[in-house]
file coords18.cif (mmCIF, C-alpha atoms)
data_entry
#
loop_
_atom_site.label_atom_id
_atom_site.label_comp_id
_atom_site.auth_asym_id
_atom_site.auth_seq_id
_atom_site.Cartn_x
_atom_site.Cartn_y
_atom_site.Cartn_z
CA ASP A 50 27.67 48.47 10.32
CA THR A 51 31.17 46.97 10.52
CA GLY A 52 31.75 47.59 14.22
CA VAL A 53 31.99 45.03 17.01
CA SER A 54 28.69 43.25 17.53
CA GLN A 55 27.49 41.34 20.57
CA ASN A 56 24.54 39.05 21.01
CA PRO A 57 22.26 38.96 22.79
CA ARG A 58 22.06 42.54 23.99
CA HIS A 59 20.09 41.56 27.06
CA LYS A 60 19.81 38.25 28.89
CA ILE A 61 17.72 37.45 31.94
CA THR A 62 18.35 34.08 33.51
CA LYS A 63 17.64 32.28 36.72
CA ARG A 64 20.36 31.48 39.20
CA GLY A 65 22.04 28.19 38.39
CA GLN A 66 21.41 28.33 34.65
CA ASN A 67 24.16 28.46 32.03
CA VAL A 68 24.41 31.37 29.61
CA THR A 69 26.52 31.99 26.52
CA PHE A 70 27.31 35.32 24.88
CA ARG A 71 28.75 35.88 21.44
CA CYS A 72 31.09 38.59 20.18
CA ASP A 73 31.85 39.27 16.52
CA PRO A 74 34.91 41.52 16.24
CA ILE A 75 35.81 43.82 13.42
CA SER A 76 37.19 41.70 10.60
CA GLU A 77 40.97 41.44 10.50
CA HIS A 78 41.24 42.40 14.17
CA ASN A 79 43.29 39.58 15.60
CA ARG A 80 43.00 40.66 19.24
CA LEU A 81 39.77 40.24 21.12
CA TYR A 82 39.06 41.26 24.72
CA TRP A 83 36.29 40.55 27.21
CA TYR A 84 35.49 42.95 30.05
CA ARG A 85 32.84 42.98 32.76
CA GLN A 86 31.19 46.12 34.06
CA THR A 87 28.99 46.33 37.15
CA LEU A 88 26.72 49.26 37.85
CA GLY A 89 28.58 52.48 38.57
CA GLN A 90 32.01 50.96 38.00
CA GLY A 91 34.44 51.06 35.12
CA PRO A 92 34.93 47.97 32.97
CA GLU A 93 37.19 45.24 34.37
CA PHE A 94 39.35 43.06 32.18
CA LEU A 95 38.44 39.37 32.02
CA THR A 96 40.46 37.76 29.23
CA TYR A 97 41.93 38.29 25.80
CA PHE A 98 42.74 36.37 22.66
CA GLN A 99 45.31 36.79 19.97
CA ASN A 100 43.82 34.92 17.05
CA GLU A 101 42.52 31.69 18.57
CA ALA A 102 44.95 31.62 21.49
CA GLN A 103 43.73 32.76 24.89
CA LEU A 104 46.78 34.60 26.23
CA GLU A 105 45.65 36.17 29.47
CA LYS A 106 42.95 35.54 32.06
CA SER A 107 42.05 37.76 34.99
CA ARG A 108 41.53 36.41 38.48
CA LEU A 109 37.94 37.56 37.98
CA LEU A 110 37.48 34.72 35.51
CA SER A 111 36.47 31.95 37.89
CA ASP A 112 36.26 28.34 36.78
CA ARG A 113 32.57 28.87 36.02
CA PHE A 114 33.59 31.15 33.17
CA SER A 115 35.01 29.91 29.90
CA ALA A 116 35.83 31.82 26.75
CA GLU A 117 36.65 30.49 23.32
CA ARG A 118 37.64 31.82 19.95
CA PRO A 119 37.84 28.63 17.93
CA LYS A 120 38.70 29.99 14.50
CA GLY A 121 40.21 33.28 15.48
CA SER A 122 37.09 35.16 14.44
CA PHE A 123 34.06 35.33 16.72
CA SER A 124 34.29 34.54 20.42
CA THR A 125 31.93 33.10 23.00
CA LEU A 126 31.84 33.65 26.74
CA GLU A 127 29.98 31.03 28.75
CA ILE A 128 29.01 31.30 32.39
CA GLN A 129 27.98 28.08 34.07
CA ARG A 130 25.78 27.86 37.16
CA THR A 131 25.12 31.60 37.16
CA GLU A 132 25.02 33.50 40.44
CA GLN A 133 23.38 36.81 41.23
CA GLY A 134 26.84 38.35 41.49
CA ASP A 135 27.35 37.63 37.80
CA SER A 136 24.77 40.28 36.93
CA ALA A 137 26.70 42.84 34.91
CA MET A 138 27.37 44.23 31.46
CA TYR A 139 29.76 42.01 29.49
CA LEU A 140 31.74 44.00 26.96
CA CYS A 141 33.79 42.76 24.04
CA ALA A 142 36.48 44.75 22.28
CA SER A 143 38.81 44.11 19.37
CA ARG A 144 41.89 45.73 17.91
CA PRO A 145 44.18 45.27 14.94
CA PRO A 146 47.54 43.48 15.08
CA GLY A 147 50.23 45.51 16.75
CA LEU A 148 53.49 46.51 15.13
CA ALA A 149 56.93 45.96 16.54
CA GLY A 150 57.66 48.46 19.27
CA GLY A 151 54.29 48.17 20.97
CA ILE A 152 52.53 50.86 19.00
CA PHE A 153 49.17 51.52 20.60
CA TYR A 154 46.04 50.69 18.70
CA GLU A 155 42.74 51.70 20.12
CA GLN A 156 40.30 49.07 21.20
CA TYR A 157 36.89 49.13 19.56
CA PHE A 158 34.14 48.13 21.95
CA GLY A 159 30.85 46.50 21.21
CA PRO A 160 27.57 47.60 22.83
CA GLY A 161 27.76 44.89 25.46
CA THR A 162 25.46 42.16 26.73
CA ARG A 163 23.57 43.02 29.90
CA LEU A 164 23.09 39.95 32.07
CA THR A 165 20.56 39.87 34.87
CA VAL A 166 20.53 36.83 37.14
CA THR A 167 17.35 36.48 39.19
CA ASP B 85 49.91 50.69 35.21
CA ALA B 86 50.02 54.00 37.08
CA LYS B 87 47.03 54.90 39.24
CA THR B 88 44.84 57.79 38.13
CA THR B 89 42.55 60.08 40.11
CA GLN B 90 39.56 61.83 38.54
CA PRO B 91 36.69 63.82 40.05
CA PRO B 92 33.59 61.63 40.14
CA SER B 93 31.36 64.14 38.39
CA MET B 94 31.34 67.49 36.59
CA ASP B 95 28.78 69.72 34.93
CA CYS B 96 29.27 71.83 31.83
CA ALA B 97 27.01 74.22 29.95
CA GLU B 98 26.25 73.33 26.37
CA GLY B 99 28.55 75.18 23.97
CA ARG B 100 31.17 75.84 26.61
CA ALA B 101 34.51 74.08 26.95
CA ALA B 102 34.57 71.05 29.20
CA ASN B 103 37.88 70.59 31.02
CA LEU B 104 38.27 67.17 32.62
CA PRO B 105 41.29 66.76 34.92
CA CYS B 106 43.24 63.62 35.71
CA ASN B 107 46.02 63.18 38.25
CA HIS B 108 48.65 60.53 37.63
CA SER B 109 51.48 61.53 39.95
CA THR B 110 53.18 58.11 39.81
CA ILE B 111 53.38 57.98 36.02
CA SER B 112 56.63 56.57 34.69
CA GLY B 113 58.63 57.78 31.73
CA ASN B 114 57.32 55.28 29.20
CA GLU B 115 53.65 55.44 30.17
CA TYR B 116 51.14 57.16 27.94
CA VAL B 117 47.91 58.89 28.95
CA TYR B 118 44.76 57.62 27.20
CA TRP B 119 41.21 58.85 27.37
CA TYR B 120 38.09 56.86 26.66
CA ARG B 121 34.47 57.78 27.19
CA GLN B 122 31.34 55.74 27.68
CA ILE B 123 27.97 57.08 26.70
CA HIS B 124 25.05 55.52 28.54
CA SER B 125 24.26 51.96 27.37
CA GLN B 126 27.20 51.87 24.96
CA GLY B 127 30.69 50.43 25.09
CA PRO B 128 33.67 52.72 25.78
CA GLN B 129 34.99 54.79 22.90
CA TYR B 130 38.60 55.87 22.41
CA ILE B 131 39.12 59.64 22.39
CA ILE B 132 42.81 60.52 22.38
CA HIS B 133 46.20 59.63 23.83
CA GLY B 134 49.57 61.28 24.40
CA LEU B 135 53.00 60.91 25.97
CA LYS B 136 54.23 64.39 26.84
CA ASN B 137 53.27 66.76 24.06
CA ASN B 138 49.82 68.25 23.83
CA GLU B 139 47.62 66.44 21.34
CA THR B 140 44.53 67.43 19.39
CA ASN B 141 42.17 65.51 17.19
CA GLU B 142 38.66 66.00 15.86
CA MET B 143 37.14 65.00 19.19
CA ALA B 144 39.24 66.70 21.84
CA SER B 145 42.53 68.17 23.01
CA LEU B 146 44.84 66.64 25.59
CA ILE B 147 47.04 68.87 27.70
CA ILE B 148 49.77 67.13 29.71
CA THR B 149 51.71 69.11 32.32
CA GLU B 150 55.44 69.42 31.92
CA ASP B 151 56.13 67.08 34.85
CA ARG B 152 53.50 64.68 33.40
CA LYS B 153 51.87 64.24 36.79
CA SER B 154 48.50 65.45 35.55
CA SER B 155 46.59 66.05 32.36
CA THR B 156 43.39 67.69 31.15
CA LEU B 157 41.02 66.53 28.45
CA ILE B 158 39.34 69.46 26.75
CA LEU B 159 36.12 69.26 24.78
CA PRO B 160 36.15 72.72 23.18
CA HIS B 161 32.42 73.13 22.55
CA ALA B 162 30.51 70.58 24.59
CA THR B 163 27.20 69.32 23.26
CA LEU B 164 24.47 67.32 24.96
CA ARG B 165 25.81 64.23 23.18
CA ASP B 166 29.07 64.60 25.10
CA THR B 167 27.28 63.61 28.30
CA ALA B 168 29.16 60.46 29.30
CA VAL B 169 31.62 58.92 31.74
CA TYR B 170 35.20 59.86 30.82
CA TYR B 171 38.04 57.54 31.77
CA CYS B 172 41.70 58.51 32.06
CA ILE B 173 44.06 55.52 31.74
CA VAL B 174 47.83 55.52 32.08
CA ARG B 175 49.81 52.63 30.71
CA VAL B 176 52.74 51.42 28.65
CA PRO B 177 51.71 50.67 25.06
CA GLY B 178 52.03 47.02 24.23
CA ASN B 179 52.32 46.04 27.88
CA ALA B 180 50.63 42.81 28.93
CA GLY B 181 48.43 42.44 25.89
CA ASN B 182 47.22 46.03 25.95
CA MET B 183 44.26 45.29 28.17
CA LEU B 184 42.82 48.46 29.66
CA THR B 185 42.47 49.16 33.38
CA PHE B 186 39.55 51.51 33.95
CA GLY B 187 39.02 53.47 37.15
CA GLY B 188 35.78 55.12 38.17
CA GLY B 189 36.01 57.92 35.64
CA THR B 190 34.32 61.33 35.63
CA ARG B 191 30.63 61.55 34.87
CA LEU B 192 30.25 64.66 32.70
CA MET B 193 26.78 66.13 32.47
CA VAL B 194 26.35 68.71 29.70
CA LYS B 195 23.37 70.90 30.45
CA PRO B 196 21.37 73.06 28.03
#
call {"tool": "encode", "arguments": {"input": "coords18.cif", "output": "structure tokens"}}
result
Amino acid sequence: DTGVSQNPRHKITKRGQNVTFRCDPISEHNRLYWYRQTLGQGPEFLTYFQNEAQLEKSRLLSDRFSAERPKGSFSTLEIQRTEQGDSAMYLCASRPPGLAGGIFYEQYFGPGTRLTVT
Amino acid sequence: DAKTTQPPSMDCAEGRAANLPCNHSTISGNEYVYWYRQIHSQGPQYIIHGLKNNETNEMASLIITEDRKSSTLILPHATLRDTAVYYCIVRVPGNAGNMLTFGGGTRLMVKP
């Protein structure tokens, strides 16, 4: 399967612990996105990378959250000192490089990592 | 990005056409209409997009009104596997990194 993969698929942690999620995008997709989805809501944008550069961060991304994409391939999302409000599905998506003129390319989403903070 | 309004839920009989509406009365001239869907426990999946002409692909058809203030996604022969939440998104391609702004979507239940 050459789609976007995310690990782990499920994570249960206790409040105050740190957690790290990994996303492996489709190869040659230089853009990578992280979204968060709470129960019954649509996904909300967190941050995105173009290659290894983090170009945009949402206000949702508090200072307890950090994302990296060190070699422009896989990405990690770390949450420090987790809170119960962090319980959500964390989705990763990737897309190919865009062409001049802003041609739309669809984003390919992974299956997500479901985080439960107890 | 323009705001969209979708009904929270709809039912459809298996084998019948599913018509999912979306209102986007504040859409601007360079904004496209995109549709994604999310099957339970999966990430969203792109379906189709359009600017002003009707579009069709192997998954669905998109009908955009002449004034572009609303659109309808049509699944011509709905199957049980089409049960999902459908999101209508209006945005300018290439704007602000192309991140997607999802609303609440329409939960489509296809019934046997």
call {"tool": "interface_residues", "arguments": {"input": "coords18.cif", "of": "chain A", "to": "chain B", "cutoff": "12 Å", "atoms": "only C-alpha atoms", "output": "PDB file with C-alpha atoms, in the coordinates of the input"}}
result
ATOM      1  CA  GLY A  52      31.750  47.590  14.220  1.00  0.00           C
ATOM      2  CA  VAL A  53      31.990  45.030  17.010  1.00  0.00           C
ATOM      3  CA  SER A  54      28.690  43.250  17.530  1.00  0.00           C
ATOM      4  CA  GLN A  55      27.490  41.340  20.570  1.00  0.00           C
ATOM      5  CA  ARG A  58      22.060  42.540  23.990  1.00  0.00           C
ATOM      6  CA  HIS A  59      20.090  41.560  27.060  1.00  0.00           C
ATOM      7  CA  ASN A  79      43.290  39.580  15.600  1.00  0.00           C
ATOM      8  CA  ARG A  80      43.000  40.660  19.240  1.00  0.00           C
ATOM      9  CA  LEU A  81      39.770  40.240  21.120  1.00  0.00           C
ATOM     10  CA  TYR A  82      39.060  41.260  24.720  1.00  0.00           C
ATOM     11  CA  TRP A  83      36.290  40.550  27.210  1.00  0.00           C
ATOM     12  CA  TYR A  84      35.490  42.950  30.050  1.00  0.00           C
ATOM     13  CA  ARG A  85      32.840  42.980  32.760  1.00  0.00           C
ATOM     14  CA  GLN A  86      31.190  46.120  34.060  1.00  0.00           C
ATOM     15  CA  THR A  87      28.990  46.330  37.150  1.00  0.00           C
ATOM     16  CA  LEU A  88      26.720  49.260  37.850  1.00  0.00           C
ATOM     17  CA  GLY A  89      28.580  52.480  38.570  1.00  0.00           C
ATOM     18  CA  GLN A  90      32.010  50.960  38.000  1.00  0.00           C
ATOM     19  CA  GLY A  91      34.440  51.060  35.120  1.00  0.00           C
ATOM     20  CA  PRO A  92      34.930  47.970  32.970  1.00  0.00           C
ATOM     21  CA  GLU A  93      37.190  45.240  34.370  1.00  0.00           C
ATOM     22  CA  PHE A  94      39.350  43.060  32.180  1.00  0.00           C
ATOM     23  CA  LEU A  95      38.440  39.370  32.020  1.00  0.00           C
ATOM     24  CA  THR A  96      40.460  37.760  29.230  1.00  0.00           C
ATOM     25  CA  TYR A  97      41.930  38.290  25.800  1.00  0.00           C
ATOM     26  CA  PHE A  98      42.740  36.370  22.660  1.00  0.00           C
ATOM     27  CA  GLN A  99      45.310  36.790  19.970  1.00  0.00           C
ATOM     28  CA  GLN A 103      43.730  32.760  24.890  1.00  0.00           C
ATOM     29  CA  LEU A 104      46.780  34.600  26.230  1.00  0.00           C
ATOM     30  CA  GLU A 105      45.650  36.170  29.470  1.00  0.00           C
ATOM     31  CA  LYS A 106      42.950  35.540  32.060  1.00  0.00           C
ATOM     32  CA  SER A 107      42.050  37.760  34.990  1.00  0.00           C
ATOM     33  CA  MET A 138      27.370  44.230  31.460  1.00  0.00           C
ATOM     34  CA  TYR A 139      29.760  42.010  29.490  1.00  0.00           C
ATOM     35  CA  LEU A 140      31.740  44.000  26.960  1.00  0.00           C
ATOM     36  CA  CYS A 141      33.790  42.760  24.040  1.00  0.00           C
ATOM     37  CA  ALA A 142      36.480  44.750  22.280  1.00  0.00           C
ATOM     38  CA  SER A 143      38.810  44.110  19.370  1.00  0.00           C
ATOM     39  CA  ARG A 144      41.890  45.730  17.910  1.00  0.00           C
ATOM     40  CA  PRO A 145      44.180  45.270  14.940  1.00  0.00           C
ATOM     41  CA  PRO A 146      47.540  43.480  15.080  1.00  0.00           C
ATOM     42  CA  GLY A 147      50.230  45.510  16.750  1.00  0.00           C
ATOM     43  CA  LEU A 148      53.490  46.510  15.130  1.00  0.00           C
ATOM     44  CA  ALA A 149      56.930  45.960  16.540  1.00  0.00           C
ATOM     45  CA  GLY A 150      57.660  48.460  19.270  1.00  0.00           C
ATOM     46  CA  GLY A 151      54.290  48.170  20.970  1.00  0.00           C
ATOM     47  CA  ILE A 152      52.530  50.860  19.000  1.00  0.00           C
ATOM     48  CA  PHE A 153      49.170  51.520  20.600  1.00  0.00           C
ATOM     49  CA  TYR A 154      46.040  50.690  18.700  1.00  0.00           C
ATOM     50  CA  GLU A 155      42.740  51.700  20.120  1.00  0.00           C
ATOM     51  CA  GLN A 156      40.300  49.070  21.200  1.00  0.00           C
ATOM     52  CA  TYR A 157      36.890  49.130  19.560  1.00  0.00           C
ATOM     53  CA  PHE A 158      34.140  48.130  21.950  1.00  0.00           C
ATOM     54  CA  GLY A 159      30.850  46.500  21.210  1.00  0.00           C
ATOM     55  CA  PRO A 160      27.570  47.600  22.830  1.00  0.00           C
ATOM     56  CA  GLY A 161      27.760  44.890  25.460  1.00  0.00           C
ATOM     57  CA  THR A 162      25.460  42.160  26.730  1.00  0.00           C
ATOM     58  CA  ARG A 163      23.570  43.020  29.900  1.00  0.00           C
TER      59      ARG A 163
END
call {"tool": "residues_near_point", "arguments": {"input": "coords18.cif", "point": "(46.6, 67.6, 26.1)", "cutoff": "7 Å", "atoms": "only C-alpha atoms", "output": "list in words"}}
result
Asn138, Glu139, Ser145, Leu146, Ile147, Ile148, Ser155, Thr156 and Leu157 of chain B
call {"tool": "closest_atom_pairs", "arguments": {"input": "coords18.cif", "of": "range 128-194 of chain B", "to": "range 91-107 of chain B", "cutoff": "6 Å", "atoms": "only C-alpha atoms", "output": "tab-separated table"}}
result
residue	atom	partner	partner_atom	distance
B:Ser154	CA	B:Asn107	CA	4.3
B:Ser155	CA	B:Cys106	CA	5.3
B:Thr156	CA	B:Pro105	CA	4.4
B:Leu157	CA	B:Leu104	CA	5.0
B:Ile158	CA	B:Asn103	CA	4.7
B:Leu159	CA	B:Ala102	CA	5.0
B:Pro160	CA	B:Ala101	CA	4.3
B:His161	CA	B:Gly99	CA	4.6
B:Ala162	CA	B:Gly99	CA	5.0
B:Thr163	CA	B:Glu98	CA	5.2
B:Thr190	CA	B:Pro92	CA	4.6
B:Arg191	CA	B:Ser93	CA	4.4
B:Leu192	CA	B:Met94	CA	4.9
B:Met193	CA	B:Asp95	CA	4.8
B:Val194	CA	B:Cys96	CA	4.8
call {"tool": "atom_distance", "arguments": {"input": "coords18.cif", "atom1": "CA of Ser136 in chain A", "atom2": "CA of Thr69 in chain A"}}
result
13.4 Å
call {"tool": "closest_residue", "arguments": {"input": "coords18.cif", "among": "A:Ser115, A:Thr167, A:Thr51, A:Gln129", "to": "Glu77 in chain A", "atoms": "all atoms listed in the file"}}
result
A:Thr51
call {"tool": "residues_around", "arguments": {"input": "coords18.cif", "residues": "Glu127 in chain A", "least_positions_apart": "4", "cutoff": "9 Å", "atoms": "only C-alpha atoms", "output": "PDB file with C-alpha atoms, keeping the file's coordinate frame"}}
result
ATOM      1  CA  ASN A  67      24.160  28.460  32.030  1.00  0.00           C
ATOM      2  CA  VAL A  68      24.410  31.370  29.610  1.00  0.00           C
ATOM      3  CA  THR A  69      26.520  31.990  26.520  1.00  0.00           C
ATOM      4  CA  PHE A  70      27.310  35.320  24.880  1.00  0.00           C
ATOM      5  CA  ARG A  71      28.750  35.880  21.440  1.00  0.00           C
ATOM      6  CA  ARG A 113      32.570  28.870  36.020  1.00  0.00           C
ATOM      7  CA  PHE A 114      33.590  31.150  33.170  1.00  0.00           C
ATOM      8  CA  SER A 115      35.010  29.910  29.900  1.00  0.00           C
ATOM      9  CA  ALA A 116      35.830  31.820  26.750  1.00  0.00           C
ATOM     10  CA  GLU A 117      36.650  30.490  23.320  1.00  0.00           C
TER      11      GLU A 117
END
call {"tool": "atom_distance", "arguments": {"input": "coords18.cif", "atom1": "CA of Val166 in chain A", "atom2": "CA of Ser124 in chain A"}}
result
21.8 Å
call {"tool": "atom_distance", "arguments": {"input": "coords18.cif", "atom1": "CA of Arg121 in chain B", "atom2": "CA of Ala168 in chain B"}}
result
6.3 Å
call {"tool": "closest_residue", "arguments": {"input": "coords18.cif", "among": "B:Thr88, B:Thr149, B:Ser109, B:Asn137", "to": "Val174 in chain B", "atoms": "all atoms listed in the file"}}
result
B:Thr88
call {"tool": "axis_aligned_box", "arguments": {"input": "coords18.cif", "around": "range 111-119 of chain B", "padding_each_side": "5 Å", "output": "AutoDock Vina command-line options"}}
result
--center_x 49.9 --center_y 57.1 --center_z 31.6 --size_x 27.4 --size_y 13.6 --size_z 18.8
call {"tool": "decode", "arguments": {"input": "coords18.cif", "residues": "range 122-143 of chain B", "atoms": "N, CA, C and O atoms", "output": "mmCIF file, in the first residue's frame"}}
result
data_model
loop_
_atom_site.group_PDB
_atom_site.id
_atom_site.type_symbol
_atom_site.label_atom_id
_atom_site.label_comp_id
_atom_site.auth_asym_id
_atom_site.auth_seq_id
_atom_site.Cartn_x
_atom_site.Cartn_y
_atom_site.Cartn_z
ATOM 1 N N GLN B 122 -15.758 11.312 4.353
ATOM 2 C CA GLN B 122 -15.031 10.609 5.389
ATOM 3 C C GLN B 122 -15.874 9.434 5.855
ATOM 4 O O GLN B 122 -16.922 9.624 6.494
ATOM 5 N N ILE B 123 -15.409 8.273 5.487
ATOM 6 C CA ILE B 123 -16.047 7.041 5.953
ATOM 7 C C ILE B 123 -15.573 6.783 7.378
ATOM 8 O O ILE B 123 -14.431 7.126 7.723
ATOM 9 N N HIS B 124 -16.430 6.190 8.158
ATOM 10 C CA HIS B 124 -16.150 5.973 9.579
ATOM 11 C C HIS B 124 -14.759 5.351 9.809
ATOM 12 O O HIS B 124 -14.397 4.383 9.149
ATOM 13 N N SER B 125 -14.009 5.976 10.711
ATOM 14 C CA SER B 125 -12.680 5.493 11.114
ATOM 15 C C SER B 125 -11.631 5.596 10.010
ATOM 16 O O SER B 125 -10.594 4.921 10.083
ATOM 17 N N GLN B 126 -11.893 6.393 9.005
ATOM 18 C CA GLN B 126 -10.897 6.632 7.958
ATOM 19 C C GLN B 126 -10.642 8.127 7.830
ATOM 20 O O GLN B 126 -11.411 8.952 8.339
ATOM 21 N N GLY B 127 -9.567 8.479 7.132
ATOM 22 C CA GLY B 127 -9.311 9.876 6.833
ATOM 23 C C GLY B 127 -10.193 10.349 5.687
ATOM 24 O O GLY B 127 -10.739 9.531 4.934
ATOM 25 N N PRO B 128 -10.379 11.654 5.540
ATOM 26 C CA PRO B 128 -11.186 12.173 4.428
ATOM 27 C C PRO B 128 -10.613 11.761 3.075
ATOM 28 O O PRO B 128 -9.414 11.536 2.934
ATOM 29 N N GLN B 129 -11.498 11.688 2.101
ATOM 30 C CA GLN B 129 -11.143 11.269 0.748
ATOM 31 C C GLN B 129 -11.696 12.296 -0.222
ATOM 32 O O GLN B 129 -12.876 12.652 -0.174
ATOM 33 N N TYR B 130 -10.859 12.768 -1.119
ATOM 34 C CA TYR B 130 -11.292 13.714 -2.154
ATOM 35 C C TYR B 130 -12.296 13.055 -3.089
ATOM 36 O O TYR B 130 -12.137 11.889 -3.463
ATOM 37 N N ILE B 131 -13.337 13.822 -3.464
ATOM 38 C CA ILE B 131 -14.319 13.299 -4.412
ATOM 39 C C ILE B 131 -14.231 14.044 -5.739
ATOM 40 O O ILE B 131 -14.009 13.452 -6.795
ATOM 41 N N ILE B 132 -14.424 15.351 -5.708
ATOM 42 C CA ILE B 132 -14.560 16.112 -6.939
ATOM 43 C C ILE B 132 -14.431 17.595 -6.630
ATOM 44 O O ILE B 132 -14.575 18.002 -5.464
ATOM 45 N N HIS B 133 -14.148 18.412 -7.625
ATOM 46 C CA HIS B 133 -14.168 19.853 -7.438
ATOM 47 C C HIS B 133 -14.578 20.532 -8.735
ATOM 48 O O HIS B 133 -14.496 19.921 -9.823
ATOM 49 N N GLY B 134 -15.006 21.798 -8.628
ATOM 50 C CA GLY B 134 -15.401 22.546 -9.810
ATOM 51 C C GLY B 134 -15.432 24.035 -9.544
ATOM 52 O O GLY B 134 -15.473 24.476 -8.394
ATOM 53 N N LEU B 135 -15.439 24.810 -10.621
ATOM 54 C CA LEU B 135 -15.496 26.268 -10.524
ATOM 55 C C LEU B 135 -16.891 26.774 -10.881
ATOM 56 O O LEU B 135 -17.552 27.418 -10.074
ATOM 57 N N LYS B 136 -17.347 26.518 -12.081
ATOM 58 C CA LYS B 136 -18.687 26.962 -12.460
ATOM 59 C C LYS B 136 -19.388 25.986 -13.389
ATOM 60 O O LYS B 136 -20.618 25.969 -13.462
ATOM 61 N N ASN B 137 -18.624 25.177 -14.083
ATOM 62 C CA ASN B 137 -19.246 24.180 -14.943
ATOM 63 C C ASN B 137 -19.521 22.922 -14.140
ATOM 64 O O ASN B 137 -18.857 22.632 -13.159
ATOM 65 N N ASN B 138 -20.524 22.184 -14.586
ATOM 66 C CA ASN B 138 -20.801 20.908 -13.939
ATOM 67 C C ASN B 138 -19.651 19.954 -14.225
ATOM 68 O O ASN B 138 -19.040 19.994 -15.287
ATOM 69 N N GLU B 139 -19.344 19.117 -13.250
ATOM 70 C CA GLU B 139 -18.242 18.181 -13.375
ATOM 71 C C GLU B 139 -18.721 16.775 -13.048
ATOM 72 O O GLU B 139 -19.629 16.597 -12.239
ATOM 73 N N THR B 140 -18.086 15.813 -13.686
ATOM 74 C CA THR B 140 -18.400 14.407 -13.417
ATOM 75 C C THR B 140 -17.115 13.605 -13.428
ATOM 76 O O THR B 140 -16.241 13.847 -14.260
ATOM 77 N N ASN B 141 -17.006 12.692 -12.481
ATOM 78 C CA ASN B 141 -15.921 11.726 -12.523
ATOM 79 C C ASN B 141 -16.482 10.364 -12.145
ATOM 80 O O ASN B 141 -17.712 10.188 -12.071
ATOM 81 N N GLU B 142 -15.602 9.409 -11.913
ATOM 82 C CA GLU B 142 -16.062 8.044 -11.667
ATOM 83 C C GLU B 142 -16.784 7.908 -10.329
ATOM 84 O O GLU B 142 -17.472 6.928 -10.095
ATOM 85 N N MET B 143 -16.624 8.877 -9.462
ATOM 86 C CA MET B 143 -17.258 8.787 -8.148
ATOM 87 C C MET B 143 -18.584 9.518 -8.082
ATOM 88 O O MET B 143 -19.525 9.045 -7.422
#
